[in-house]
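Trainee: This is the structure I want to talk about, given as structure tokens.
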Amino acid sequence: MSQLTYDKDRFYLDGEPFQIRSGSIHYFRHVPEYWLDRLKKLRAAGFNTVETYTCWNLHERKEGEFNFSGMLDLAKFLDLAAELGLYAIVRPGPYICAEWDFGGLPSWLLNYPNMRVRCMDPLFLEKEKRYLDQIFAILRPRQITQGGNILMVQVENEYGSFGNDHVYLAHLAEYYRACGIDTLLFTSDGAGDWMLGGGTIPGTLAAANFGRRWQEEFGVLKEFRPEQPCMCAEYWEGWFDSWYQPHHRREPDDVAELYDGMLGAGHNVNFYMFTGGTNFGFHNGANYYEKYYPQTTSYDYDAMLTEAGDLAPRFFAIRAVNEKYAGKLPPIDVDNSKKAAYGEIALTQSVRLADALDQISAPVHCAYPMTMEELGADFGFVLYETVVDYAVEDRPLEIEPLRDRVHIFIDGKFAGIKERDRRNDEVRVTVLPGNSVKISLLVENLGRVNYGVTMSDNRKGLPGGARLGQQYLFGWTMYPLTMDDLSKLRFTDGAQADCPVFLRGELEISGEPADTFIRLPGFTKGFVVVNGFNLGRYWNPAGPQKTLYLPAPILREGKNEIIVFESDGYETPAILSEALPDIG
């Protein structure tokens with residue numbers, strides 16, 4: 001039976017000294033047809049281990065219904081790594097942060113108003129264990145103790161940045177063991193006394209997460225745990241992007257120099273990220289400090305591989321460091337994917353959202369506006385409608401709290417936008433005696449907060465209701481719009497300009513498809529669906545991202561359906577397919 005052990009200075013695999021050189025690849029941020037390519041490139045860079053989180057909110061989108069197929073086939077991902085001779089580190093959370101919606105927690109947890117997450121709340125433990133049982137069934141036979149490739153499994157994630165329920169952490173670790181997870185367990189936290197103090201478990205390996213000043217960070221960790229080796233579970237070689245902020249960049253030599261220092265000192269490192277991938281669909285998270293910042297669709301992370309899996313300059317700098325300590329590596333036998341610029345794609349058909357509601361949703365009626373979570377809309381939008389049928393004189397429409405971006409229509413006419421922490425158009429309502437007015441509010445969930453103290457306030461939709469002046473509005477019809485299936489949309493010829501609107505076009509490809517990037521010049525905000533696959537959001541005025549990554553496996557030879565949902569307005573009904581990305 002193999003086992004990973006350690007003393008105060010180093011790890012040992014089957015009794016032999018072993019240095020962990022690892023890189024993060026999230027299977028759920030890459031199409032499965034490219035998993036093997038990304039893993040081969042990890043090996044070609046000189047790494048011996050791959051690390052991944054697991055995502056509860058996609059594996060169990062609806063409570064009690066589990067999905068481990070397609071992009072969520074964790075077992076296949078781990079088996080591919082094993083076939084390449086790579087070890088694995090798995091971090092099942094269930095909270096993962098990862099700049100992922102709600103930190104990977106499923107939104108339906110928010111329908112339990114008295115539940116307290118990430119602590120010894122019996123109701124949370126019940127839901128958590130049901131999910132972990134599914135994950136552990138996959139992990140158990142793939143541990144190195146069972147002849148597999150999983151070296152280590154993390155308990156929770158950066159818990160010290162959230163709380164200090166040590167009973168909960170110990171209980172969770174005990175549950176891992178009771179479920180047959182018998183390989184090495186560890187925790188990871190920022191290298192601060194309060195984070196390590198709150199987030200670690202006595203007798204369990206503690207790792208640190210950081211991006212710079214490794215001597216200082218490891219010094220804190222070593223002082224806290226002198227009896228164990230030093231490991232950086234997340235060496236932040238780059239950073240994630242948010243709308244309204246510039247793209248993050250870091251010099252390759254800077255990253256390589258720090259990595260060289262850590263390996264030379266005998267330490268163990270996992271790069272976060274080796275390749276970032278993409279927040280396809282609406283799966284991005286958000287941060288909230290002074291303001292709310294939802295993350296972009298691209299999760300490029302300025303990593304060793306680009307979002308499309310190309311070898312970035314940093315790849316070669318890090319490979320040289322790995323060769324220094326692991327010995328001469330075989331010649332590089334991996335290539336960048338083929339790229340193509342398919343040119344302009346005319347969007348020749350359309351249907352307004354207002355005319356398509358019965359095709360993609362079903363109305364829900366309630367006295368009060370239900371949250372997105374109550375409506376079962378984990379991602380996407382909800383359209384809320386109510387009618388005021390009595391005289392009202394010039395009253396302001398108020399929405400508090402504002403989640404996250406709301407298009408306001410009065411009797412079907414656009415009246416303004418309210419956006420969390422930023423735009424807040426004043427909309428006033430007047431109803432003449434004997435008349436009525438329909439108020440429609442299209443609310444977009446831009447991403448639940450994934451880190452920090454505001455995670456507990458993550459309900460979307462209209463959690464506080466809406467009012468005219470001080471008078472709350474009741475009697476609502478609601479249309480949940482997860483946009484999961486747009487196949488029933490009934491398009492007509494011509495490109496309507498009345499937004500929100502769905503526009504459709506075709507991309508015809510001759511021969512084998514290649515990776516490409518979709519640019520939407522003249523468009524404002526929305527998302528793009530290709531052959532039923534949601535590439536994610538674009539938001540041109542907010543930036544920094546200007547193109548969406550379209551992987552070749554989504555395309556097919558012949559005709560490809562392109563659907564663009566534009567919420568704010570566009571100039572010309574045409575988009576572009578380009579060979580190069582533009583993420584700022």
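Following the order of the structure tokens, chains are lettered A, B, ..., residues in each are numbered from 1, and ligands are numbered from 1.
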Env of segment 92-103 of chain A: 8 Å cut, atoms = only C-alpha atoms, seq-sep filter 6 positions within chain, self excluded. Answer as a VMD selection string.
Mentor: chain A and resid 53 to 56 118 128 132 135 153 to 157 240 279 283 to 287 295 447 to 451 455 458
Trainee: Quick one: write out the picked residues with N, CA, C and O atoms as a short mmCIF file (atom, residue, chain, number, x, y, z; two decimals), in the first residue's frame?
Mentor:
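As a result, selection.cif now contains:
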data_model
loop_
_atom_site.label_atom_id
_atom_site.label_comp_id
_atom_site.auth_asym_id
_atom_site.auth_seq_id
_atom_site.Cartn_x
_atom_site.Cartn_y
_atom_site.Cartn_z
N TYR A 53 -10.19 21.57 -7.57
CA TYR A 53 -11.37 21.64 -6.70
C TYR A 53 -12.46 20.75 -7.30
O TYR A 53 -12.35 20.27 -8.44
N THR A 54 -13.54 20.55 -6.54
CA THR A 54 -14.79 20.02 -7.08
C THR A 54 -15.88 21.05 -6.82
O THR A 54 -15.77 21.84 -5.88
N CYS A 55 -16.91 21.05 -7.66
CA CYS A 55 -17.92 22.14 -7.60
C CYS A 55 -19.29 21.59 -7.21
O CYS A 55 -20.03 21.06 -8.05
N TRP A 56 -19.65 21.74 -5.96
CA TRP A 56 -20.92 21.24 -5.44
C TRP A 56 -22.09 21.84 -6.22
O TRP A 56 -23.06 21.15 -6.54
N ARG A 118 -21.09 26.16 6.76
CA ARG A 118 -19.69 26.01 7.16
C ARG A 118 -19.50 26.03 8.68
O ARG A 118 -18.58 26.66 9.20
N GLU A 128 -24.33 18.71 3.34
CA GLU A 128 -22.92 18.58 3.00
C GLU A 128 -22.51 17.11 2.88
O GLU A 128 -21.82 16.71 1.93
N LEU A 132 -20.78 15.02 -0.15
CA LEU A 132 -19.46 14.39 0.04
C LEU A 132 -19.51 12.89 -0.19
O LEU A 132 -18.55 12.30 -0.69
N ILE A 135 -18.94 12.43 -3.80
CA ILE A 135 -17.55 12.71 -4.16
C ILE A 135 -16.62 11.60 -3.68
O ILE A 135 -15.74 11.13 -4.43
N VAL A 153 -5.95 14.98 0.09
CA VAL A 153 -7.31 15.50 0.01
C VAL A 153 -7.44 16.61 1.03
O VAL A 153 -7.07 16.44 2.20
N GLN A 154 -7.97 17.74 0.60
CA GLN A 154 -8.09 18.90 1.49
C GLN A 154 -9.39 18.85 2.28
O GLN A 154 -10.44 18.47 1.75
N VAL A 155 -9.33 19.28 3.52
CA VAL A 155 -10.51 19.43 4.37
C VAL A 155 -10.92 20.90 4.34
O VAL A 155 -10.14 21.78 4.71
N GLU A 156 -12.15 21.16 3.88
CA GLU A 156 -12.67 22.53 3.73
C GLU A 156 -11.74 23.34 2.83
O GLU A 156 -11.04 22.77 2.01
N ASN A 157 -11.75 24.69 2.97
CA ASN A 157 -10.87 25.51 2.13
C ASN A 157 -10.76 26.90 2.72
O ASN A 157 -11.78 27.58 2.90
N PHE A 240 -7.18 36.82 -10.98
CA PHE A 240 -8.42 36.82 -11.76
C PHE A 240 -8.83 38.25 -12.13
O PHE A 240 -8.40 39.22 -11.51
N ASN A 279 -15.03 30.72 -17.20
CA ASN A 279 -16.29 30.67 -16.45
C ASN A 279 -17.44 30.60 -17.45
O ASN A 279 -18.18 31.57 -17.66
N HIS A 283 -21.40 31.03 -14.41
CA HIS A 283 -20.86 30.38 -13.22
C HIS A 283 -19.84 31.21 -12.46
O HIS A 283 -19.34 30.77 -11.43
N ASN A 284 -19.50 32.38 -12.96
CA ASN A 284 -18.54 33.23 -12.26
C ASN A 284 -19.06 33.65 -10.90
O ASN A 284 -20.27 33.76 -10.67
N GLY A 285 -18.13 33.91 -10.00
CA GLY A 285 -18.48 34.47 -8.70
C GLY A 285 -18.30 35.98 -8.70
O GLY A 285 -18.25 36.63 -9.75
N ALA A 286 -18.21 36.54 -7.50
CA ALA A 286 -18.03 37.98 -7.34
C ALA A 286 -17.33 38.22 -6.01
O ALA A 286 -17.42 37.41 -5.09
N ASN A 287 -16.64 39.34 -5.93
CA ASN A 287 -16.08 39.79 -4.67
C ASN A 287 -16.78 41.07 -4.24
O ASN A 287 -17.24 41.84 -5.07
N GLN A 295 -16.81 38.64 -11.39
CA GLN A 295 -15.68 38.24 -12.21
C GLN A 295 -16.07 38.09 -13.68
O GLN A 295 -17.23 37.86 -14.01
N GLY A 447 -23.57 37.06 -10.41
CA GLY A 447 -22.64 36.17 -9.72
C GLY A 447 -22.73 36.37 -8.22
O GLY A 447 -22.66 37.49 -7.73
N ARG A 448 -22.88 35.28 -7.50
CA ARG A 448 -22.93 35.37 -6.04
C ARG A 448 -21.53 35.57 -5.47
O ARG A 448 -20.55 35.03 -5.99
N VAL A 449 -21.44 36.31 -4.39
CA VAL A 449 -20.16 36.57 -3.74
C VAL A 449 -19.54 35.24 -3.32
O VAL A 449 -20.22 34.37 -2.75
N ASN A 450 -18.26 35.07 -3.61
CA ASN A 450 -17.59 33.79 -3.35
C ASN A 450 -16.60 33.84 -2.19
O ASN A 450 -16.01 32.81 -1.85
N TYR A 451 -16.42 35.01 -1.58
CA TYR A 451 -15.40 35.11 -0.52
C TYR A 451 -15.77 36.27 0.39
O TYR A 451 -16.23 37.32 -0.07
N MET A 455 -20.84 36.85 2.02
CA MET A 455 -21.36 35.62 1.41
C MET A 455 -22.72 35.22 1.98
O MET A 455 -23.52 34.59 1.29
N ASN A 458 -26.46 36.54 0.03
CA ASN A 458 -26.23 36.18 -1.37
C ASN A 458 -27.50 35.88 -2.15
O ASN A 458 -27.43 35.40 -3.28
#
Trainee: Can you list, as a list in words, every protein, DNA or RNA residue that comes within 10 Å of Phe381 of chain A when you count only C-alpha atoms, leaving out same-chain residues fewer than 6 positions away?
Mentor: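 Returned residues: Met372, Arg405, Val406, Leu442, Val443, Glu444, Asn445, Leu446, Lys460, Gly461, Tyr479, Pro480, Leu481, Thr482 and Met483 of chain A.
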Trainee: So that I can check the surroundings of Asp310 of chain A, please list as a ChimeraX atom specification every protein, DNA and RNA residue that reaches within 9 Å of it, counting only C-alpha atoms and ignoring chain neighbours fewer than 3 positions away.
Mentor: /A:304-307,335-337
Trainee: Choose the residue, out of A:Tyr342, A:Tyr390, A:Tyr6, A:Tyr176, that has the smallest atom-to-atom separation from Glu578 of chain A; count only C-alpha atoms.
Mentor: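 Selected residue with least distance to Glu578 of chain A: A:Tyr342.
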Trainee: Based on the backbone DSSP call, show me all residues of segment 308-548 of chain A assigned strand (DSSP E or B), as a PyMOL selection string.
Mentor: chain A and resi 311+339+343-352+364-366+381-388+392-399+405-410+413-419+424+428-431+437-444+449+466-468+471-472+476-481+492-493+501-509+515-519+525-530+533-539+547-548
Trainee: If we count only C-alpha atoms, what is near Arg420 of chain A at a cut-off of 10 Å, once residues fewer than 6 positions away on the same chain are taken out, given as a list in words?
Mentor: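 In the requested form, the answer reads Lys291, Tyr292, Tyr293, Glu400, Pro401, Leu402, Arg403, Asp404, Arg405, Val406 and Leu446 of chain A.
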Trainee: Dump N, CA, C and O atoms for the selected residues as a PDB file, in the first residue's frame?
Mentor:
ATOM      1  N   LYS A 291     -17.031  47.818  -3.035  1.00  0.00           N
ATOM      2  CA  LYS A 291     -18.046  47.677  -4.060  1.00  0.00           C
ATOM      3  C   LYS A 291     -18.132  46.223  -4.498  1.00  0.00           C
ATOM      4  O   LYS A 291     -17.247  45.409  -4.203  1.00  0.00           O
ATOM      5  N   TYR A 292     -19.203  45.949  -5.229  1.00  0.00           N
ATOM      6  CA  TYR A 292     -19.450  44.607  -5.763  1.00  0.00           C
ATOM      7  C   TYR A 292     -18.746  44.475  -7.108  1.00  0.00           C
ATOM      8  O   TYR A 292     -18.963  45.278  -8.009  1.00  0.00           O
ATOM      9  N   TYR A 293     -17.873  43.455  -7.225  1.00  0.00           N
ATOM     10  CA  TYR A 293     -17.119  43.226  -8.449  1.00  0.00           C
ATOM     11  C   TYR A 293     -17.334  41.794  -8.937  1.00  0.00           C
ATOM     12  O   TYR A 293     -16.680  40.866  -8.454  1.00  0.00           O
ATOM     13  N   GLU A 400     -34.444  47.878  -2.924  1.00  0.00           N
ATOM     14  CA  GLU A 400     -33.418  47.746  -1.888  1.00  0.00           C
ATOM     15  C   GLU A 400     -33.586  46.399  -1.190  1.00  0.00           C
ATOM     16  O   GLU A 400     -34.689  46.097  -0.723  1.00  0.00           O
ATOM     17  N   PRO A 401     -32.549  45.564  -1.101  1.00  0.00           N
ATOM     18  CA  PRO A 401     -31.229  45.765  -1.699  1.00  0.00           C
ATOM     19  C   PRO A 401     -31.256  45.468  -3.191  1.00  0.00           C
ATOM     20  O   PRO A 401     -32.088  44.690  -3.657  1.00  0.00           O
ATOM     21  N   LEU A 402     -30.336  46.053  -3.919  1.00  0.00           N
ATOM     22  CA  LEU A 402     -30.284  45.925  -5.362  1.00  0.00           C
ATOM     23  C   LEU A 402     -29.433  44.719  -5.739  1.00  0.00           C
ATOM     24  O   LEU A 402     -28.250  44.651  -5.423  1.00  0.00           O
ATOM     25  N   ARG A 403     -30.038  43.742  -6.404  1.00  0.00           N
ATOM     26  CA  ARG A 403     -29.338  42.515  -6.829  1.00  0.00           C
ATOM     27  C   ARG A 403     -29.671  42.219  -8.285  1.00  0.00           C
ATOM     28  O   ARG A 403     -30.796  41.837  -8.579  1.00  0.00           O
ATOM     29  N   ASP A 404     -28.757  42.212  -9.152  1.00  0.00           N
ATOM     30  CA  ASP A 404     -27.486  42.890  -9.169  1.00  0.00           C
ATOM     31  C   ASP A 404     -27.551  43.988 -10.230  1.00  0.00           C
ATOM     32  O   ASP A 404     -26.886  44.982 -10.153  1.00  0.00           O
ATOM     33  N   ARG A 405     -28.376  43.691 -11.256  1.00  0.00           N
ATOM     34  CA  ARG A 405     -28.591  44.646 -12.341  1.00  0.00           C
ATOM     35  C   ARG A 405     -30.032  44.496 -12.792  1.00  0.00           C
ATOM     36  O   ARG A 405     -30.496  43.389 -13.097  1.00  0.00           O
ATOM     37  N   VAL A 406     -30.757  45.589 -12.833  1.00  0.00           N
ATOM     38  CA  VAL A 406     -32.189  45.543 -13.097  1.00  0.00           C
ATOM     39  C   VAL A 406     -32.531  46.466 -14.264  1.00  0.00           C
ATOM     40  O   VAL A 406     -32.232  47.663 -14.222  1.00  0.00           O
ATOM     41  N   LEU A 446     -25.535  38.569 -11.529  1.00  0.00           N
ATOM     42  CA  LEU A 446     -24.189  38.738 -12.076  1.00  0.00           C
ATOM     43  C   LEU A 446     -23.157  37.837 -11.410  1.00  0.00           C
ATOM     44  O   LEU A 446     -21.990  37.840 -11.797  1.00  0.00           O
TER      45      LEU A 446
END
Trainee: Go through A:Pro294, A:Gly452, A:Gly526, A:Gly327 and flag the residue nearest Gln245 of chain A, using only C-alpha atoms for the distances.
Mentor: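 Smallest separation from Gln245 of chain A among the options: A:Pro294.
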Trainee: Determine, using only C-alpha atoms, which residues of segment 194-306 of chain A have any atom at most 8 Å from an atom of segment 7-18 of chain A, and tabulate each with its shortest atom pair and distance in Å to one decimal place, rows ordered by chain and then rising number, as a Markdown table.
Mentor:
| residue | atom | partner | partner_atom | distance |
| --- | --- | --- | --- | --- |
| A:Pro226 | CA | A:Lys8 | CA | 6.5 |
| A:Glu227 | CA | A:Lys8 | CA | 4.3 |
| A:Gln228 | CA | A:Lys8 | CA | 3.9 |
| A:Pro229 | CA | A:Asp9 | CA | 4.5 |
| A:Cys230 | CA | A:Asp9 | CA | 7.5 |
| A:Gly266 | CA | A:Arg10 | CA | 7.3 |
| A:His267 | CA | A:Arg10 | CA | 7.5 |
Trainee: Nearest to Asn268 of chain A among A:Gly569, A:Pro581, A:Gly23, A:Pro330, with distances taken over only C-alpha atoms: which residue is it?
Mentor: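 Using only C-alpha atoms, Asn268 of chain A sits closest to A:Gly23.
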Trainee: Determine the nearest neighbour of Thr572 of chain A from the options A:Glu344, A:Glu557, A:Asp515, A:Glu393, counting only C-alpha atoms.
Mentor: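 Among the listed residues, the smallest separation from Thr572 of chain A belongs to A:Glu344.
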Trainee: Within 6 Å of Phe271 of chain A, counting only C-alpha atoms, which residues qualify if same-chain residues fewer than 2 places away don't, as a ChimeraX atom specification?
Mentor: /A:23-24,234-235,273-274
Trainee: I need the chosen residues saved as a PDB file, in the first residue's frame, with N, CA, C and O atoms.
Mentor:
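Listing of result.pdb after writing:
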ATOM      1  N   GLY A  23       0.271  21.740 -10.296  1.00  0.00           N
ATOM      2  CA  GLY A  23      -0.423  22.853 -10.931  1.00  0.00           C
ATOM      3  C   GLY A  23      -1.925  22.616 -10.936  1.00  0.00           C
ATOM      4  O   GLY A  23      -2.387  21.476 -11.086  1.00  0.00           O
ATOM      5  N   SER A  24      -2.686  23.690 -10.783  1.00  0.00           N
ATOM      6  CA  SER A  24      -4.144  23.599 -10.704  1.00  0.00           C
ATOM      7  C   SER A  24      -4.777  23.611 -12.097  1.00  0.00           C
ATOM      8  O   SER A  24      -4.473  24.476 -12.922  1.00  0.00           O
ATOM      9  N   GLU A 234      -1.511  27.155  -2.771  1.00  0.00           N
ATOM     10  CA  GLU A 234      -1.889  28.057  -3.852  1.00  0.00           C
ATOM     11  C   GLU A 234      -0.795  29.110  -4.011  1.00  0.00           C
ATOM     12  O   GLU A 234      -0.752  30.087  -3.262  1.00  0.00           O
ATOM     13  N   TYR A 235       0.085  28.877  -4.970  1.00  0.00           N
ATOM     14  CA  TYR A 235       1.050  29.905  -5.333  1.00  0.00           C
ATOM     15  C   TYR A 235       0.404  30.718  -6.456  1.00  0.00           C
ATOM     16  O   TYR A 235       0.297  30.270  -7.586  1.00  0.00           O
ATOM     17  N   MET A 273      -3.037  29.465 -10.979  1.00  0.00           N
ATOM     18  CA  MET A 273      -3.455  28.281 -11.704  1.00  0.00           C
ATOM     19  C   MET A 273      -2.340  27.860 -12.674  1.00  0.00           C
ATOM     20  O   MET A 273      -1.540  28.708 -13.075  1.00  0.00           O
ATOM     21  N   PHE A 274      -2.307  26.566 -13.054  1.00  0.00           N
ATOM     22  CA  PHE A 274      -1.482  26.178 -14.194  1.00  0.00           C
ATOM     23  C   PHE A 274      -2.162  26.647 -15.479  1.00  0.00           C
ATOM     24  O   PHE A 274      -1.529  27.188 -16.380  1.00  0.00           O
TER      25      PHE A 274
END
Trainee: From a DSSP pass on the backbone, collect the residues of segment 232-387 of chain A flagged as helix (DSSP H, G or I) and hand them back as a PyMOL selection string.
Mentor: chain A and resi 252-264+313-326+353-360
Trainee: Got a sec: who's within 9 Å of His365 of chain A, counting only C-alpha atoms, leaving out chain neighbours fewer than 3 positions off, as a ChimeraX atom specification?
Mentor: /A:368-369,475-478
Trainee: Suppose we keep C-alpha atoms; can you now write the selection as an mmCIF file, in the first residue's frame?
Mentor:
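Wrote it out as part07.cif, contents follow:
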data_model
loop_
_atom_site.group_PDB
_atom_site.id
_atom_site.type_symbol
_atom_site.label_atom_id
_atom_site.label_comp_id
_atom_site.auth_asym_id
_atom_site.auth_seq_id
_atom_site.Cartn_x
_atom_site.Cartn_y
_atom_site.Cartn_z
ATOM 1 C CA TYR A 368 -44.566 38.951 -2.892
ATOM 2 C CA PRO A 369 -41.536 38.790 -5.206
ATOM 3 C CA GLY A 475 -49.127 40.811 -6.596
ATOM 4 C CA TRP A 476 -46.268 39.592 -8.827
ATOM 5 C CA THR A 477 -45.942 37.379 -11.884
ATOM 6 C CA MET A 478 -42.432 35.998 -12.242
#
Trainee: My list of candidates is A:Ala497, A:Ala317, A:Ala206, A:Leu84. Which is closest to Tyr259 of chain A when distances are computed with only C-alpha atoms?
Mentor: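 That would be A:Ala317, the residue with the smallest distance to Tyr259 of chain A.
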